[in-house]
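The structure under discussion appears below in the form of structure tokens.
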Amino acid sequence: MDKTVASAAAAVADIPNGATVMIGGFGLCGNPENLITALFELGRRNLTIISNNAGTDHEGIGVMLAAGQIKKMISTYVGENAIFEEKARSGELETELLPQGTFAERIRAAGAGIPAFFTPAGVGTVVAEGKETREFDGRVYLMERWLKADFALVKAFRGDRWGNLTYRKTARNFNPVMATAAHVTIAEVEELLPPGGLDADSIVTPAIYVHRIVLGAGYRKPIERRTVRKG
Amino acid sequence: MTEQEKRIRIARRIALELRDGHFVNLGIGLPTLVANYVPEGIEVVLQSENGMLGVGPYPLEGEEDADLINAGKETVSELPGTSYFDSASSFAMIRGGHIEMAVMGGMEVAENGDLANWIVPGKIIKGMGGAMDLVATARQLYIAMEHTTRAGKPKILHRCNLPLTGVGVVDTIVTEMGFFRVTPQGIVIEEIARDFTPEQVQAATEAMLIVSPQLRPMPGT
């Protein structure tokens, strides 16, 4: 078994126009940079992108937004992107904003085969509009459904040809849950190790969830807010 | 008082609520300042909802790591004991009621504890991030905010006008004027800053304040 694909371009080549694609990352941290660039260069359109944020004007998913490739974004916070604002305002871009825990759990539920669940987040707010509520032990909860995708593009730190993945620090974020919730999960890694190269106790995403794996290159890892202290 | 003086006063007062062994989530902006005033001799573990427990201070110059940020997307550092986890696990610990205390900014708080803090009036909607999950399920929700808007309008109201973040979720409000508890009877002022009178605080507040019989001066004022 070898899930290794030679290039990011080859790994995303069968993503069609109109596909629903999850993209890992929190802001620009833990983004699958090579796969995003490959999807941008592939030029597919009418994509629905499920990602916590929308990148910035010149980085990450923002580049695909600017190119008009995205029809709809499902996110939790999109505050760093003027192009997003412009396109959302003009109606060119459809948007769905969700509480971040609801967003994460809807994805987790999809990967775990749970069609719906109840959460207290958003009760009594605009998020609750049109959704079923139910009382459990004296408190009202909202019903939220699973959230699935055709493809998931995720970024891990290390991986092997089976598709086992480990992550690094807060670059983990949404990558492991998204890896479980798509028909086809494509992972990119900074280091591709031979089988047995990863510590079996430290694997976060077991190989069963990953369909293709690519060795990434040329990571830029932009920092959105560089904050430091004096020594 | 300058804006910065108000913010420091509020952050210092909230820091006095921290207890050894508390797991705490600090929101972006003013609440982040609370970390600077953790009382000596206690250990508090900060949670960042992007997947980290044990958030350390900003890194030394030259040690910034793009893979290590807080929920405000600022570079931070690791501590001995830090752990990392994915976003679903992060919100499971939040939703599961394991966070003792969450501190968040506020635009409006109503006398029944309703909170509005995710849509800036007149600006495009940017999203609620993790705010709705945190306010719904933190065991104690502290709102750290200036008492009035820049235009001098009250922010503690009978009812919120802005779209809500949560219904009946606020436990405590700390402003530069005092320390307030949300109770079934209404908002009780428990501590008052020494440079204000109860009449001045009420005049800056739309909700009817209940003055605690044990009203005391706010520490640090």
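Chain identifiers are assigned as A, B, and so on, following the order in which chains appear in the structure tokens; residues are numbered from 1 within each chain, and ligands are numbered from 1 in order of appearance.
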Leaving out region 10-17 of chain A and any residue of its chain fewer than 4 positions from it, which residues lie within 10 Å of it when counting only C-alpha atoms, given as a PyMOL selection string?
-> chain A and resi 4-6+21+35-36+38-39+42-48+69-70+150-151+153+184-188+211-214
Dump as a ChimeraX atom specification the residues of chain A that approach chain B to within 7 Å, counting only C-alpha atoms.
-> /A:26-27,29-30,76-79,97,99-101,104-105,108,120-125,168-174,176-177,221-231
Non-local contacts of Arg181 (chain B) (8 Å; only C-alpha atoms; under 4 positions in same chain excluded) as a compact mmCIF listing (two decimals) with all heavy atoms, in the first residue's frame:
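For reference, selection28.txt as written:
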```txt
# COMPACT_ATOMS: atom_id res chain seq x y z
N ASP B 171 -22.28 36.05 34.14
CA ASP B 171 -22.30 35.94 35.60
C ASP B 171 -21.81 37.22 36.26
O ASP B 171 -22.35 37.65 37.27
CB ASP B 171 -21.41 34.77 36.05
CG ASP B 171 -21.92 33.45 35.52
OD1 ASP B 171 -23.01 33.03 35.95
OD2 ASP B 171 -21.25 32.86 34.66
N THR B 172 -20.74 37.79 35.72
CA THR B 172 -20.07 38.91 36.37
C THR B 172 -19.61 39.92 35.32
O THR B 172 -19.20 39.54 34.23
CB THR B 172 -18.83 38.38 37.14
OG1 THR B 172 -19.27 37.35 38.02
CG2 THR B 172 -18.15 39.47 37.94
N ILE B 173 -19.71 41.20 35.66
CA ILE B 173 -19.21 42.26 34.78
C ILE B 173 -18.20 43.08 35.57
O ILE B 173 -18.47 43.45 36.73
CB ILE B 173 -20.36 43.21 34.34
CG1 ILE B 173 -21.56 42.44 33.80
CG2 ILE B 173 -19.86 44.25 33.32
CD1 ILE B 173 -22.86 43.26 33.77
N ILE B 187 -29.00 43.33 38.37
CA ILE B 187 -27.55 43.49 38.46
C ILE B 187 -27.18 44.16 39.78
O ILE B 187 -27.65 45.26 40.09
CB ILE B 187 -27.03 44.30 37.25
CG1 ILE B 187 -27.27 43.47 35.98
CG2 ILE B 187 -25.54 44.63 37.42
CD1 ILE B 187 -26.83 44.11 34.70
N VAL B 188 -26.36 43.48 40.54
CA VAL B 188 -25.95 43.96 41.86
C VAL B 188 -24.54 44.54 41.76
O VAL B 188 -23.63 43.87 41.27
CB VAL B 188 -25.96 42.81 42.89
CG1 VAL B 188 -25.49 43.29 44.27
CG2 VAL B 188 -27.36 42.20 42.99
N ILE B 189 -24.37 45.77 42.22
CA ILE B 189 -23.02 46.33 42.30
C ILE B 189 -22.43 45.92 43.65
O ILE B 189 -22.98 46.23 44.70
CB ILE B 189 -22.97 47.86 42.04
CG1 ILE B 189 -21.54 48.38 42.25
CG2 ILE B 189 -23.99 48.63 42.88
CD1 ILE B 189 -21.29 49.76 41.68
N GLU B 190 -21.34 45.15 43.60
CA GLU B 190 -20.73 44.64 44.83
C GLU B 190 -19.51 45.44 45.24
O GLU B 190 -19.17 45.51 46.41
CB GLU B 190 -20.33 43.16 44.63
CG GLU B 190 -21.53 42.25 44.46
CD GLU B 190 -21.15 40.77 44.51
OE1 GLU B 190 -19.95 40.44 44.43
OE2 GLU B 190 -22.08 39.96 44.61
```
Using backbone DSSP assignments, extract all alpha helix (DSSP H) residues from region 13-183 of chain B; output them as a PyMOL selection string.
-> chain B and resi 13-15+30-33+87-95+131-137
Restricted to N, CA and C atoms, what would the selected residues look like written as a PDB file, in the first residue's frame?
```
ATOM      1  N   ARG B  13      -8.396  43.629  38.338  1.00  0.00           N
ATOM      2  CA  ARG B  13      -9.487  43.179  39.223  1.00  0.00           C
ATOM      3  C   ARG B  13      -9.925  41.754  38.871  1.00  0.00           C
ATOM      4  N   ILE B  14     -10.028  41.466  37.582  1.00  0.00           N
ATOM      5  CA  ILE B  14     -10.455  40.114  37.193  1.00  0.00           C
ATOM      6  C   ILE B  14      -9.394  39.098  37.609  1.00  0.00           C
ATOM      7  N   ALA B  15      -8.128  39.500  37.520  1.00  0.00           N
ATOM      8  CA  ALA B  15      -7.051  38.563  37.894  1.00  0.00           C
ATOM      9  C   ALA B  15      -7.191  38.106  39.345  1.00  0.00           C
ATOM     10  N   LEU B  30      -8.887  43.174  25.575  1.00  0.00           N
ATOM     11  CA  LEU B  30      -8.766  43.453  27.014  1.00  0.00           C
ATOM     12  C   LEU B  30      -8.583  42.187  27.866  1.00  0.00           C
ATOM     13  N   PRO B  31      -9.411  41.133  27.654  1.00  0.00           N
ATOM     14  CA  PRO B  31      -9.268  39.941  28.514  1.00  0.00           C
ATOM     15  C   PRO B  31      -7.860  39.347  28.501  1.00  0.00           C
ATOM     16  N   THR B  32      -7.150  39.458  27.372  1.00  0.00           N
ATOM     17  CA  THR B  32      -5.793  38.914  27.284  1.00  0.00           C
ATOM     18  C   THR B  32      -4.876  39.554  28.328  1.00  0.00           C
ATOM     19  N   LEU B  33      -5.156  40.833  28.690  1.00  0.00           N
ATOM     20  CA  LEU B  33      -4.326  41.545  29.675  1.00  0.00           C
ATOM     21  C   LEU B  33      -4.352  40.886  31.050  1.00  0.00           C
ATOM     22  N   SER B  87      -9.301  21.002  17.186  1.00  0.00           N
ATOM     23  CA  SER B  87     -10.372  21.966  17.465  1.00  0.00           C
ATOM     24  C   SER B  87     -11.629  21.308  18.031  1.00  0.00           C
ATOM     25  N   ALA B  88     -11.959  20.098  17.569  1.00  0.00           N
ATOM     26  CA  ALA B  88     -13.155  19.432  18.103  1.00  0.00           C
ATOM     27  C   ALA B  88     -12.946  19.067  19.577  1.00  0.00           C
ATOM     28  N   SER B  89     -11.751  18.605  19.917  1.00  0.00           N
ATOM     29  CA  SER B  89     -11.454  18.298  21.329  1.00  0.00           C
ATOM     30  C   SER B  89     -11.466  19.569  22.160  1.00  0.00           C
ATOM     31  N   SER B  90     -10.970  20.652  21.562  1.00  0.00           N
ATOM     32  CA  SER B  90     -10.914  21.919  22.275  1.00  0.00           C
ATOM     33  C   SER B  90     -12.317  22.387  22.669  1.00  0.00           C
ATOM     34  N   PHE B  91     -13.241  22.288  21.715  1.00  0.00           N
ATOM     35  CA  PHE B  91     -14.608  22.718  22.025  1.00  0.00           C
ATOM     36  C   PHE B  91     -15.365  21.673  22.822  1.00  0.00           C
ATOM     37  N   ALA B  92     -14.922  20.430  22.789  1.00  0.00           N
ATOM     38  CA  ALA B  92     -15.527  19.430  23.675  1.00  0.00           C
ATOM     39  C   ALA B  92     -15.201  19.801  25.127  1.00  0.00           C
ATOM     40  N   MET B  93     -13.972  20.246  25.373  1.00  0.00           N
ATOM     41  CA  MET B  93     -13.647  20.611  26.761  1.00  0.00           C
ATOM     42  C   MET B  93     -14.364  21.900  27.172  1.00  0.00           C
ATOM     43  N   ILE B  94     -14.606  22.771  26.203  1.00  0.00           N
ATOM     44  CA  ILE B  94     -15.367  23.995  26.497  1.00  0.00           C
ATOM     45  C   ILE B  94     -16.845  23.634  26.725  1.00  0.00           C
ATOM     46  N   ARG B  95     -17.433  22.960  25.759  1.00  0.00           N
ATOM     47  CA  ARG B  95     -18.864  22.629  25.825  1.00  0.00           C
ATOM     48  C   ARG B  95     -19.163  21.697  26.979  1.00  0.00           C
ATOM     49  N   ALA B 131     -17.000  32.419  20.269  1.00  0.00           N
ATOM     50  CA  ALA B 131     -17.658  33.146  21.372  1.00  0.00           C
ATOM     51  C   ALA B 131     -18.965  32.490  21.826  1.00  0.00           C
ATOM     52  N   MET B 132     -19.798  32.041  20.876  1.00  0.00           N
ATOM     53  CA  MET B 132     -21.104  31.496  21.278  1.00  0.00           C
ATOM     54  C   MET B 132     -20.969  30.200  22.075  1.00  0.00           C
ATOM     55  N   ASP B 133     -19.968  29.398  21.725  1.00  0.00           N
ATOM     56  CA  ASP B 133     -19.735  28.146  22.455  1.00  0.00           C
ATOM     57  C   ASP B 133     -19.227  28.450  23.861  1.00  0.00           C
ATOM     58  N   LEU B 134     -18.287  29.400  23.949  1.00  0.00           N
ATOM     59  CA  LEU B 134     -17.692  29.740  25.242  1.00  0.00           C
ATOM     60  C   LEU B 134     -18.719  30.335  26.198  1.00  0.00           C
ATOM     61  N   VAL B 135     -19.528  31.270  25.718  1.00  0.00           N
ATOM     62  CA  VAL B 135     -20.472  31.922  26.641  1.00  0.00           C
ATOM     63  C   VAL B 135     -21.550  30.949  27.097  1.00  0.00           C
ATOM     64  N   ALA B 136     -21.896  30.004  26.222  1.00  0.00           N
ATOM     65  CA  ALA B 136     -22.978  29.076  26.571  1.00  0.00           C
ATOM     66  C   ALA B 136     -22.557  28.083  27.644  1.00  0.00           C
ATOM     67  N   THR B 137     -21.253  27.821  27.763  1.00  0.00           N
ATOM     68  CA  THR B 137     -20.871  26.673  28.584  1.00  0.00           C
ATOM     69  C   THR B 137     -19.739  26.882  29.578  1.00  0.00           C
TER      70      THR B 137
END
```
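Taking CA of Glu146 (chain B) as the reference point, CA of Arg7 (chain B) is found at 7.4 Å.
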Which parts of chain B does DSSP call strand (DSSP E or B) when run on the backbone here, written out as a PyMOL selection string?
-> chain B and resi 23-26+45-48+52-56+60+69+74-75+77-84+101-104+108-110+115-116+140-144+148+154+156-157+166+172-174+178-183+186-192+209-217
Contacts of Glu191 (chain B) within 8 Å, only C-alpha atoms, excl. fewer than 4 positions in-chain, as a ChimeraX atom specification | /B:178-180,215-218
Would you mind exporting the chosen residues as a compact mmCIF listing (two decimals), in the first residue's frame, restricted to all heavy atoms?
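Output contents, as saved in out-v4.txt:
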```
# COMPACT_ATOMS: atom_id res chain seq x y z
N GLY B 178 -16.70 49.52 38.52
CA GLY B 178 -17.03 48.60 39.60
C GLY B 178 -17.10 47.16 39.18
O GLY B 178 -16.75 46.80 38.05
N PHE B 179 -17.55 46.34 40.14
CA PHE B 179 -17.66 44.89 39.98
C PHE B 179 -19.13 44.55 40.18
O PHE B 179 -19.72 44.88 41.21
CB PHE B 179 -16.77 44.25 41.06
CG PHE B 179 -16.70 42.76 41.04
CD1 PHE B 179 -15.60 42.10 40.46
CD2 PHE B 179 -17.70 41.97 41.62
CE1 PHE B 179 -15.52 40.71 40.46
CE2 PHE B 179 -17.62 40.59 41.62
CZ PHE B 179 -16.53 39.96 41.04
N PHE B 180 -19.71 43.91 39.19
CA PHE B 180 -21.16 43.70 39.17
C PHE B 180 -21.50 42.22 39.00
O PHE B 180 -20.87 41.53 38.20
CB PHE B 180 -21.79 44.46 37.99
CG PHE B 180 -21.43 45.91 37.94
CD1 PHE B 180 -20.24 46.33 37.33
CD2 PHE B 180 -22.27 46.86 38.51
CE1 PHE B 180 -19.90 47.68 37.29
CE2 PHE B 180 -21.93 48.22 38.47
CZ PHE B 180 -20.74 48.63 37.86
N LEU B 215 -21.60 46.67 49.95
CA LEU B 215 -20.83 47.39 48.92
C LEU B 215 -19.46 47.79 49.49
O LEU B 215 -19.36 48.35 50.58
CB LEU B 215 -21.58 48.65 48.47
CG LEU B 215 -20.88 49.44 47.35
CD1 LEU B 215 -20.91 48.69 46.03
CD2 LEU B 215 -21.53 50.83 47.19
N ARG B 216 -18.40 47.46 48.72
CA ARG B 216 -17.05 47.77 49.20
C ARG B 216 -16.24 48.42 48.08
O ARG B 216 -16.62 48.32 46.91
CB ARG B 216 -16.37 46.51 49.75
CG ARG B 216 -16.43 45.34 48.82
CD ARG B 216 -15.97 44.04 49.48
NE ARG B 216 -15.85 43.03 48.43
CZ ARG B 216 -16.85 42.26 48.03
NH1 ARG B 216 -18.04 42.32 48.61
NH2 ARG B 216 -16.68 41.40 47.04
N PRO B 217 -15.12 49.04 48.44
CA PRO B 217 -14.30 49.67 47.41
C PRO B 217 -13.67 48.60 46.51
O PRO B 217 -13.34 47.52 46.99
CB PRO B 217 -13.21 50.41 48.19
CG PRO B 217 -13.57 50.35 49.62
CD PRO B 217 -14.54 49.24 49.81
N MET B 218 -13.54 48.90 45.24
CA MET B 218 -12.94 47.94 44.31
C MET B 218 -11.43 47.92 44.53
O MET B 218 -10.78 48.97 44.48
CB MET B 218 -13.27 48.32 42.87
CG MET B 218 -12.76 47.33 41.84
SD MET B 218 -13.72 47.36 40.30
CE MET B 218 -12.64 48.25 39.22
```
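Here CA of Val120 (chain B) stands at a distance of 19.1 Å from CA of Val170 (chain B).
Here CA of Gln200 (chain B) is placed at a distance of 20.7 Å from CA of Gly106 (chain B).
For the choices B:Leu162, B:Val55, B:Met145, B:Met208, the atom-to-atom distance to Asn112 (chain B) is smallest for B:Met208 when using only C-alpha atoms.
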Tell me which protein, DNA and RNA residues are within 10 Å of Glu190 (chain A), counting only C-alpha atoms, leaving out same-chain ones fewer than 6 positions away, and put them as a list in words.
-> Lys155, Ala156, Phe157, Arg158, Gly159, Tyr167, Val214, Leu215, Gly216, Ala217, Gly218 and Tyr219 of chain A
Write the residues of the selection above to a file with all heavy atoms, as a short mmCIF file (atom, residue, chain, number, x, y, z; two decimals), in the first residue's frame.
```
data_model
loop_
_atom_site.label_atom_id
_atom_site.label_comp_id
_atom_site.auth_asym_id
_atom_site.auth_seq_id
_atom_site.Cartn_x
_atom_site.Cartn_y
_atom_site.Cartn_z
N LYS A 155 -3.21 19.55 6.44
CA LYS A 155 -1.77 19.74 6.59
C LYS A 155 -1.33 19.03 7.88
O LYS A 155 -1.90 19.29 8.93
CB LYS A 155 -1.47 21.24 6.68
CG LYS A 155 -0.12 21.62 7.28
CD LYS A 155 1.02 21.24 6.36
CE LYS A 155 2.39 21.64 6.87
NZ LYS A 155 2.65 21.62 8.27
N ALA A 156 -0.36 18.16 7.75
CA ALA A 156 0.21 17.51 8.94
C ALA A 156 1.71 17.79 8.95
O ALA A 156 2.26 18.33 7.99
CB ALA A 156 -0.07 16.01 8.92
N PHE A 157 2.35 17.44 10.05
CA PHE A 157 3.80 17.68 10.13
C PHE A 157 4.55 16.52 9.49
O PHE A 157 5.32 16.69 8.55
CB PHE A 157 4.19 17.87 11.60
CG PHE A 157 5.66 18.18 11.78
CD1 PHE A 157 6.29 19.13 10.99
CD2 PHE A 157 6.40 17.53 12.77
CE1 PHE A 157 7.64 19.43 11.17
CE2 PHE A 157 7.75 17.82 12.95
CZ PHE A 157 8.37 18.76 12.14
N ARG A 158 4.28 15.32 10.00
CA ARG A 158 4.94 14.14 9.44
C ARG A 158 3.89 13.11 9.04
O ARG A 158 2.81 13.07 9.61
CB ARG A 158 5.86 13.50 10.49
CG ARG A 158 7.03 14.37 10.89
CD ARG A 158 8.04 13.57 11.68
NE ARG A 158 9.23 14.35 11.93
CZ ARG A 158 9.56 14.85 13.12
NH1 ARG A 158 8.78 14.69 14.17
NH2 ARG A 158 10.67 15.55 13.25
N GLY A 159 4.27 12.28 8.07
CA GLY A 159 3.37 11.21 7.66
C GLY A 159 4.16 10.06 7.07
O GLY A 159 5.38 10.17 6.87
N TYR A 167 1.09 15.87 13.98
CA TYR A 167 0.97 17.32 13.80
C TYR A 167 1.97 18.04 14.68
O TYR A 167 2.60 17.43 15.55
CB TYR A 167 -0.46 17.77 14.12
CG TYR A 167 -1.48 17.09 13.23
CD1 TYR A 167 -2.02 15.85 13.56
CD2 TYR A 167 -1.89 17.69 12.03
CE1 TYR A 167 -2.93 15.22 12.74
CE2 TYR A 167 -2.81 17.05 11.20
CZ TYR A 167 -3.32 15.83 11.56
OH TYR A 167 -4.23 15.20 10.73
N VAL A 214 1.05 13.74 0.16
CA VAL A 214 2.01 14.46 -0.68
C VAL A 214 3.07 15.08 0.21
O VAL A 214 2.76 15.62 1.28
CB VAL A 214 1.30 15.63 -1.41
CG1 VAL A 214 2.26 16.37 -2.32
CG2 VAL A 214 0.11 15.14 -2.18
N LEU A 215 4.31 15.01 -0.23
CA LEU A 215 5.38 15.71 0.48
C LEU A 215 5.36 17.17 0.03
O LEU A 215 5.58 17.46 -1.16
CB LEU A 215 6.73 15.06 0.17
CG LEU A 215 7.95 15.71 0.82
CD1 LEU A 215 7.86 15.66 2.35
CD2 LEU A 215 9.24 15.04 0.36
N GLY A 216 5.08 18.06 0.97
CA GLY A 216 5.02 19.49 0.64
C GLY A 216 6.41 20.08 0.49
O GLY A 216 7.41 19.47 0.89
N ALA A 217 6.46 21.26 -0.11
CA ALA A 217 7.76 21.92 -0.30
C ALA A 217 7.57 23.43 -0.20
O ALA A 217 6.47 23.94 -0.39
CB ALA A 217 8.34 21.56 -1.66
N GLY A 218 8.65 24.11 0.11
CA GLY A 218 8.66 25.57 0.07
C GLY A 218 7.68 26.24 1.02
O GLY A 218 7.05 27.23 0.67
N TYR A 219 7.54 25.70 2.25
CA TYR A 219 6.56 26.28 3.18
C TYR A 219 6.89 27.73 3.51
O TYR A 219 8.02 28.04 3.83
CB TYR A 219 6.47 25.43 4.46
CG TYR A 219 5.65 24.20 4.21
CD1 TYR A 219 6.25 22.98 3.97
CD2 TYR A 219 4.27 24.29 4.15
CE1 TYR A 219 5.49 21.86 3.69
CE2 TYR A 219 3.50 23.19 3.87
CZ TYR A 219 4.12 21.98 3.64
OH TYR A 219 3.35 20.89 3.35
#
```
